[in-house]
Each structure stands twice: as C-alpha cells, then as structure tokens.
Amino acid sequence: MKRSWALAALAVLSIGAPPPLPTSVVILAFSSKEANEVTAVENNLETIGIPFETTRDVERIAQAPVVILAGTITNTVLSPAQREKLYRFVEAGGTLVATHVQGNQYFPLFGIAEFAIKSTNFGLRFVDSSQDSSLRYLNRPEEREIHFGDPKGPHELGWTTEYGLSSGTALARFQNGSPALIRNYYGRGAAYCLGVSFADATLRWELGQSSDSEERWVNLFAPSADVFRLILRGLYEASVHPFVLIHTIPDGRESALILSHDVDARESFKNSVVFATLEQKYRTASTFFVTTKYFTDSTDTDYYVSGNIAPLRQLLAMGFDIGSHSVSHLATFFQFPLGDPAVTFKSYQPRSAPTVFGEVKVSKELLDRDISGQHTISFRAGGLSHPRRLIGALEDSGYQIDSTRAAGATLTNFPYRPLREVQLGAERSGMIEIPVTLDDSRGYLTPATLDRVSASWAGIVAANSENNAVTCLLIHPTDTTYKLEAEDRLLRYCRARPIWIGDVTRFGLFAKARAAVRVTSNRVGGELILRLNRERAALPSGLTLAVEAEPSVSRVSVQDSQSSDVPYQAIDHGDRKFLVLRP
C-alpha cells in the first residue's frame, strides 16, 4: 500500500539526508477524560512490542503509518480542520483505528451509517481470519469468539457501541449479530472502528475483573484480551515495511515456560529439592514461593521452622530462585486492611491483626534474614488472593515482580505492568505481573489424570507459542511421584522446541527491562539503522528485535542511545529475522 510519507522520504533523499522511517504507531490522546483509554492502548502496544508515541498534536499523524484514536469519537472531540486531517491521512494511505465512533461527521470515514449504545453485549465473534490482515493471528476457536462475561451473572464491562453499515465491512459481530468491528477502505488507506474500548477489553481484565467470563481461572487457553493486541500487531505488520517489533521472549525464542512452585505445606520444603534436581537435568531453574508461617492457628500448623529453612538454603546454593508466598497463606487475604508500611516481624500480629503490608513485608524480612544471600523481589499470594492495593504495597516494599493473578482471570498470556490499585484510573506501577497459567491444585492433577493433564498442558503451551506469549506453571511440591512426572513430561516437550525455560524472577526482570526499551528506525540506502533509547550496558540480556525480512534491506545495524553499535545474532524466522542483541 502506498503511503503519503513515501513522497516526503524521497524528497529528503534527494538532498542526501537519511529520512526517519515512520515505524512508530501514533496514539492520538485528544482528551484528558480518556486517560484510561490512553493507558490501555499504551499498555497493549508496550506488551506486544510495537513502537509507539503518544501525542495530543494532530499534526504528528502526517508521518505515521498507523494512528490510534484513544477515546470515544464524537463530533466535538476535534475541530473541523483537525477532522479533515484525519480524512486526508487515511485517504493518502494511512491506517486509522478508533473505538466507539459516535459522531456522524466521521461516519463516511469509517463506513458506518448509524450507531447504538448497548450494555447487553457479552461477547463477539470474528469472521474468518483470512478476510483481513488485522485478523491474521486469530487462528484458534478461543481467539475467534470471545466473551466479556456471563449475561446471567454480575459484570463490570462498560458500554458497547453497535454499528450500522454503509460502505464498511463487518470483521466481527456482537452475539446479537450487530457489527462490532468495521473496516472501511477510504482512498488508499483503511479505517477500523471497534465497538468496545481498549480499557474495557484489556485494561479492566488485567485488574482481574473478568472472573465471570471464564469457568476456570487456570489450566485453559484464555486469550480474549490478547486478541485485541494481536489485532493491533496484525495491522501494524501490514502497514509498516519493514516492520520492527521488540520481541516478547528472550534469545529469539518463540515462547516461554516459566516454572514456579508454592511451598505452603510442611512436606513441600524437603520435596522442593527433588523438583530442583529434576529441573537441573534440563539446565534450568524455577522460583519457589515460600510461605513463612511461623505460628499455628485454626487453618494450619506452623511450618516455617528451623528444620525447613535448610532446604531453602540448599535451593539458593543450587542457583534457584526464592520468592515470598506471604506469611499466613489465607484465602481472606483480599479482605485484609492495608496496614502500617513500617511493620516488622517484631511488631506484626498476624493472628489478631493481619494486614497487607504485614504479609508482604514480614515474609520478605524473614526470607532475607534466614537465607544468606537472599534478596526477595518476587511475590505470589496464597490462593491467588488479591487485595485491592496489593501492587502498590508490593512496590513500596521493594518487590519488582508479582504472580498473583491467573491467566483465566486476566485473559492475557503476556506479562504486563499492572496498576498500583485495582481500579481504572489508578497509577501504573513499575512492577511486572506474570499470570499463572497451569496449576496442579484442587484435585486437577492426580495419578488418574496424569496423561490427560500432561497433554492439555502441552496444548496450552503450543497455543501460547503461536502468539509469542508465555505459560507460567505452578506445581505444589507436596508429592514427588506423579507431580514430578507431570513436570518432567512438560519440560521434555518444551526442551524439544524453541521455548525459553526459567524462573519467575529472571523472566520478570527481563520483561521489566524490556518494557523500558523503545526503538526508532532510519534508512540509508539499503541499510536499516535501529536506534534504542538505552545505553548498551543497560539493555537486558537476550533482548530481541523482530525485523521484517524486506528484500530491499541489505544490512541492519543496531545502535544504543549513545550511537554505539550493539552486536547481535540474526535468526531467520519466516517473514522476519530475530536480532538477538549481545550487549
């Protein structure tokens, strides 16, 4: 597809200066009232690795290949002159994405004739993925039909917008048959309008507000939120040549299996060494989330005692990772008051006055005190119980990674940066959330179900691999027979494939560093120059750039923020090359 910026690029070439390549998606934030939508779109693009910039300046869209309008589109959000710039942008070959198009002055651009606002839509179905480049990654039934919630149960999804077609084509329809995603060719470009906001379709679900949309929280492939990210990736790759992505997995691998164990029973401490020994055979490591329950109450006995600390020290000496699994491991953790951030082991009263800060700070204090060389930065709550202000408390207590959410609740299989509080509008944290995907507990994995569960787990890993997403495994080390065999089978399956395998903290730190990386492109003749916003020494090990295999590009160079060359290893991968940086 020809672009208006192509002529500008030729003009710059004619005077000998290297033109900037328009590889970044522009998010047009036209109203401060749409802060949640801006946050959602930024989060989606960052998570999937698409270069972007956010602006309130409509003039910035002229050189962009893709523009996303962040917020409901009414007739008054832009001036007539600004609206005309949008029309010219698409007409000249640009790709425009919007949600909730409700201003009739924009109807011709998006190919719609009318709209209706509804609160009764609980899902949508996409057409065949071959019908549009935006749908190229939606190849599984779970990706072609998604659910916002159960119409018979409580839900927190916002309003949806149904459309009536004029010249546009429906790429998805709500459950009642009305169009939910429209594509309209206008001039040389295309405009897409979606009837649900990104804040509702992704950000709200990351807060765990989708518990009514999946029957199970774990042991399933639940990509509903990822579908919207994959649509953006499909559009980006079809609109930018050569496209550049910050790959989601280290070392140019297709996917990641993240290993974890919850040590929350007396026998689990010594058994943890057995699981660690198995993982050493595969040259990998896992995170052991340890409950530091040092008292007996009505729910359980104490098990964080001197005899059980020795295996933890052994794990650390073997090169394994240790995280916190709270002090009390109570299912009512989500109801605990926030408490005093200055709490310590000496002052904490977990039996009579439990608090969120007490659970996260005291468990960290004990692990760091009792295990020489331990520095606890990863957390998972018992029973995945999630207080409203957990992330903020963790961040304030020195943690960097959380794994309390479940993939079936967040409906995402990618690590992401969560909000500090379970509330739209809350501040975005600097932490990384790694949702739990596979879980052996509650009678799911037994000797009788071993074969079925092992096959199911491998299938979920395969589905996530297709999207370059991750799978986080949780096994409670209460048994060293069938549970060990289940993990052995999964490790054997993943080791034979291009899948990164490792612990929660190591992957979380990679994801955290990756989230801060931005890339821009310049082209000089046949050379593509990629510039990163970080110095070479600050780049995470294994960081990978995915660059389209474009015949006109004969050489690719990567530079850091100081214009120093960054060496890399190139791996051919179909329509793209993975550039594995070696900083």
# chains A, B, ... in the order shown; residues from 1 in each chain; ligands from 1
>>> select_by_dssp(residues="stretch 37-239 of chain A", states="alpha helix (DSSP H)", output="PyMOL selection string")
chain A and resi 37-48+80-91+107-110+141-144+198+204-206+224-239
>>> write_last_selection(atoms="N, CA and C atoms", output="compact mmCIF listing (two decimals), in the first residue's frame")
# COMPACT_ATOMS: atom_id res chain seq x y z
N GLU A 37 -8.22 5.10 28.53
CA GLU A 37 -8.05 4.54 27.19
C GLU A 37 -6.62 4.73 26.71
N VAL A 38 -6.02 5.86 27.00
CA VAL A 38 -4.63 6.08 26.62
C VAL A 38 -3.73 5.06 27.32
N THR A 39 -3.95 4.88 28.62
CA THR A 39 -3.17 3.90 29.38
C THR A 39 -3.33 2.50 28.79
N ALA A 40 -4.56 2.15 28.44
CA ALA A 40 -4.82 0.81 27.89
C ALA A 40 -4.09 0.61 26.56
N VAL A 41 -4.18 1.59 25.66
CA VAL A 41 -3.53 1.45 24.36
C VAL A 41 -2.01 1.39 24.53
N GLU A 42 -1.46 2.27 25.36
CA GLU A 42 -0.01 2.24 25.61
C GLU A 42 0.41 0.90 26.17
N ASN A 43 -0.36 0.39 27.11
CA ASN A 43 -0.04 -0.90 27.72
C ASN A 43 -0.06 -2.02 26.68
N ASN A 44 -1.06 -1.99 25.80
CA ASN A 44 -1.17 -3.02 24.78
C ASN A 44 0.01 -3.00 23.82
N LEU A 45 0.38 -1.81 23.35
CA LEU A 45 1.48 -1.70 22.40
C LEU A 45 2.81 -2.06 23.05
N GLU A 46 3.01 -1.62 24.28
CA GLU A 46 4.23 -1.96 25.00
C GLU A 46 4.32 -3.47 25.22
N THR A 47 3.21 -4.08 25.61
CA THR A 47 3.19 -5.51 25.88
C THR A 47 3.53 -6.32 24.64
N ILE A 48 2.99 -5.92 23.49
CA ILE A 48 3.17 -6.69 22.26
C ILE A 48 4.45 -6.29 21.53
N PRO A 80 -13.10 21.05 13.09
CA PRO A 80 -13.29 20.65 11.68
C PRO A 80 -11.98 20.51 10.93
N ALA A 81 -11.03 21.39 11.19
CA ALA A 81 -9.75 21.31 10.48
C ALA A 81 -8.98 20.05 10.89
N GLN A 82 -9.03 19.72 12.18
CA GLN A 82 -8.36 18.50 12.65
C GLN A 82 -9.04 17.25 12.08
N ARG A 83 -10.36 17.29 12.03
CA ARG A 83 -11.10 16.16 11.46
C ARG A 83 -10.71 15.96 9.99
N GLU A 84 -10.53 17.05 9.29
CA GLU A 84 -10.15 16.95 7.88
C GLU A 84 -8.77 16.32 7.73
N LYS A 85 -7.87 16.57 8.69
CA LYS A 85 -6.55 15.95 8.65
C LYS A 85 -6.65 14.43 8.78
N LEU A 86 -7.59 13.95 9.61
CA LEU A 86 -7.80 12.50 9.72
C LEU A 86 -8.26 11.93 8.38
N TYR A 87 -9.21 12.61 7.74
CA TYR A 87 -9.68 12.15 6.45
C TYR A 87 -8.53 12.09 5.44
N ARG A 88 -7.71 13.14 5.41
CA ARG A 88 -6.60 13.18 4.45
C ARG A 88 -5.56 12.11 4.77
N PHE A 89 -5.35 11.86 6.05
CA PHE A 89 -4.39 10.84 6.47
C PHE A 89 -4.77 9.47 5.91
N VAL A 90 -6.04 9.09 6.07
CA VAL A 90 -6.48 7.78 5.57
C VAL A 90 -6.52 7.78 4.04
N GLU A 91 -7.00 8.84 3.47
CA GLU A 91 -7.12 8.92 2.01
C GLU A 91 -5.76 8.75 1.35
N PHE A 107 -18.73 9.28 10.10
CA PHE A 107 -19.34 8.07 9.55
C PHE A 107 -18.79 7.71 8.16
N PRO A 108 -18.66 8.67 7.23
CA PRO A 108 -18.13 8.29 5.90
C PRO A 108 -16.73 7.70 5.96
N LEU A 109 -15.91 8.19 6.90
CA LEU A 109 -14.53 7.70 7.02
C LEU A 109 -14.51 6.23 7.44
N PHE A 110 -15.41 5.87 8.35
CA PHE A 110 -15.42 4.52 8.90
C PHE A 110 -16.44 3.61 8.22
N PRO A 141 -10.21 -21.34 17.80
CA PRO A 141 -11.59 -21.02 18.19
C PRO A 141 -11.66 -20.06 19.38
N GLU A 142 -10.73 -20.21 20.34
CA GLU A 142 -10.75 -19.34 21.52
C GLU A 142 -10.42 -17.90 21.16
N GLU A 143 -9.80 -17.68 19.98
CA GLU A 143 -9.45 -16.33 19.54
C GLU A 143 -10.50 -15.74 18.62
N ARG A 144 -11.30 -16.58 18.00
CA ARG A 144 -12.30 -16.08 17.05
C ARG A 144 -13.64 -15.77 17.72
N PHE A 198 -10.56 -0.20 24.45
CA PHE A 198 -9.41 -1.00 24.88
C PHE A 198 -9.33 -1.05 26.40
N ARG A 204 -9.25 -3.43 31.97
CA ARG A 204 -10.14 -3.87 33.06
C ARG A 204 -9.91 -5.34 33.37
N TRP A 205 -9.68 -6.13 32.34
CA TRP A 205 -9.46 -7.56 32.58
C TRP A 205 -8.14 -7.81 33.31
N GLU A 206 -7.13 -6.99 33.05
CA GLU A 206 -5.88 -7.13 33.78
C GLU A 206 -6.06 -6.90 35.28
N SER A 224 -8.71 -13.84 25.44
CA SER A 224 -9.65 -12.81 25.00
C SER A 224 -9.03 -11.41 24.96
N ALA A 225 -8.29 -11.03 26.00
CA ALA A 225 -7.64 -9.71 25.99
C ALA A 225 -6.52 -9.67 24.96
N ASP A 226 -5.81 -10.78 24.80
CA ASP A 226 -4.71 -10.81 23.84
C ASP A 226 -5.20 -10.65 22.40
N VAL A 227 -6.44 -11.04 22.13
CA VAL A 227 -6.97 -10.91 20.78
C VAL A 227 -6.86 -9.47 20.28
N PHE A 228 -7.16 -8.52 21.13
CA PHE A 228 -7.12 -7.12 20.71
C PHE A 228 -5.68 -6.66 20.48
N ARG A 229 -4.74 -7.21 21.23
CA ARG A 229 -3.33 -6.90 20.99
C ARG A 229 -2.87 -7.53 19.67
N LEU A 230 -3.31 -8.74 19.43
CA LEU A 230 -2.93 -9.42 18.19
C LEU A 230 -3.50 -8.72 16.97
N ILE A 231 -4.70 -8.15 17.11
CA ILE A 231 -5.27 -7.36 16.01
C ILE A 231 -4.38 -6.15 15.72
N LEU A 232 -3.92 -5.47 16.76
CA LEU A 232 -3.03 -4.32 16.57
C LEU A 232 -1.72 -4.76 15.94
N ARG A 233 -1.20 -5.91 16.35
CA ARG A 233 0.05 -6.39 15.75
C ARG A 233 -0.16 -6.71 14.26
N GLY A 234 -1.28 -7.35 13.93
CA GLY A 234 -1.56 -7.65 12.53
C GLY A 234 -1.65 -6.40 11.69
N LEU A 235 -2.34 -5.38 12.19
CA LEU A 235 -2.46 -4.12 11.47
C LEU A 235 -1.10 -3.44 11.30
N TYR A 236 -0.32 -3.44 12.36
CA TYR A 236 1.00 -2.80 12.31
C TYR A 236 1.89 -3.47 11.28
N GLU A 237 1.93 -4.79 11.30
CA GLU A 237 2.81 -5.51 10.38
C GLU A 237 2.38 -5.36 8.93
N ALA A 238 1.09 -5.15 8.71
CA ALA A 238 0.60 -4.95 7.35
C ALA A 238 0.80 -3.52 6.86
N SER A 239 1.05 -2.60 7.77
CA SER A 239 1.10 -1.17 7.42
C SER A 239 2.51 -0.61 7.37
>>> residues_around(residues="A:Glu145", least_positions_apart="6", cutoff="8 Å", atoms="only C-alpha atoms", output="PyMOL selection string")
chain A and resi 123-126
>>> closest_residue(among="A:Phe221, A:Arg56, A:Glu34, A:Val67", to="A:Gly425", atoms="only C-alpha atoms")
A:Glu34
>>> atom_distance(atom1="atom CA of A:Gly164", atom2="atom CA of A:Tyr186")
17.3 Å
>>> closest_residue(among="A:Leu194, A:Leu171, A:Leu203, A:Ala381", to="A:Pro418", atoms="only C-alpha atoms")
A:Leu203
>>> residues_around(residues="A:Ser465", least_positions_apart="5", cutoff="8 Å", atoms="only C-alpha atoms", output="compact mmCIF listing (two decimals) with N, CA and C atoms, in the first residue's frame")
# COMPACT_ATOMS: atom_id res chain seq x y z
N GLU A 254 10.42 -18.61 20.62
CA GLU A 254 9.03 -18.38 20.24
C GLU A 254 8.13 -18.16 21.45
N SER A 255 8.46 -18.77 22.56
CA SER A 255 7.60 -18.70 23.74
C SER A 255 8.44 -18.95 24.98
N ALA A 256 7.80 -18.91 26.14
CA ALA A 256 8.50 -19.16 27.40
C ALA A 256 7.64 -20.03 28.31
N VAL A 470 3.53 -16.36 26.90
CA VAL A 470 4.21 -17.21 27.88
C VAL A 470 3.21 -18.10 28.59
N ILE A 499 11.59 -22.85 22.96
CA ILE A 499 10.89 -22.27 24.10
C ILE A 499 11.90 -21.96 25.21
>>> residues_around(residues="A:Gln349", least_positions_apart="5", cutoff="12 Å", atoms="only C-alpha atoms", output="PyMOL selection string")
chain A and resi 294-295+327-328+339-340+343-344+354-359+362
>>> residues_around(residues="stretch 487-491 of chain A", least_positions_apart="5", cutoff="9 Å", atoms="only C-alpha atoms", output="number ranges by chain")
A: 257, 275, 278-279, 282, 454-455, 457-458, 473, 475, 482, 496, 501
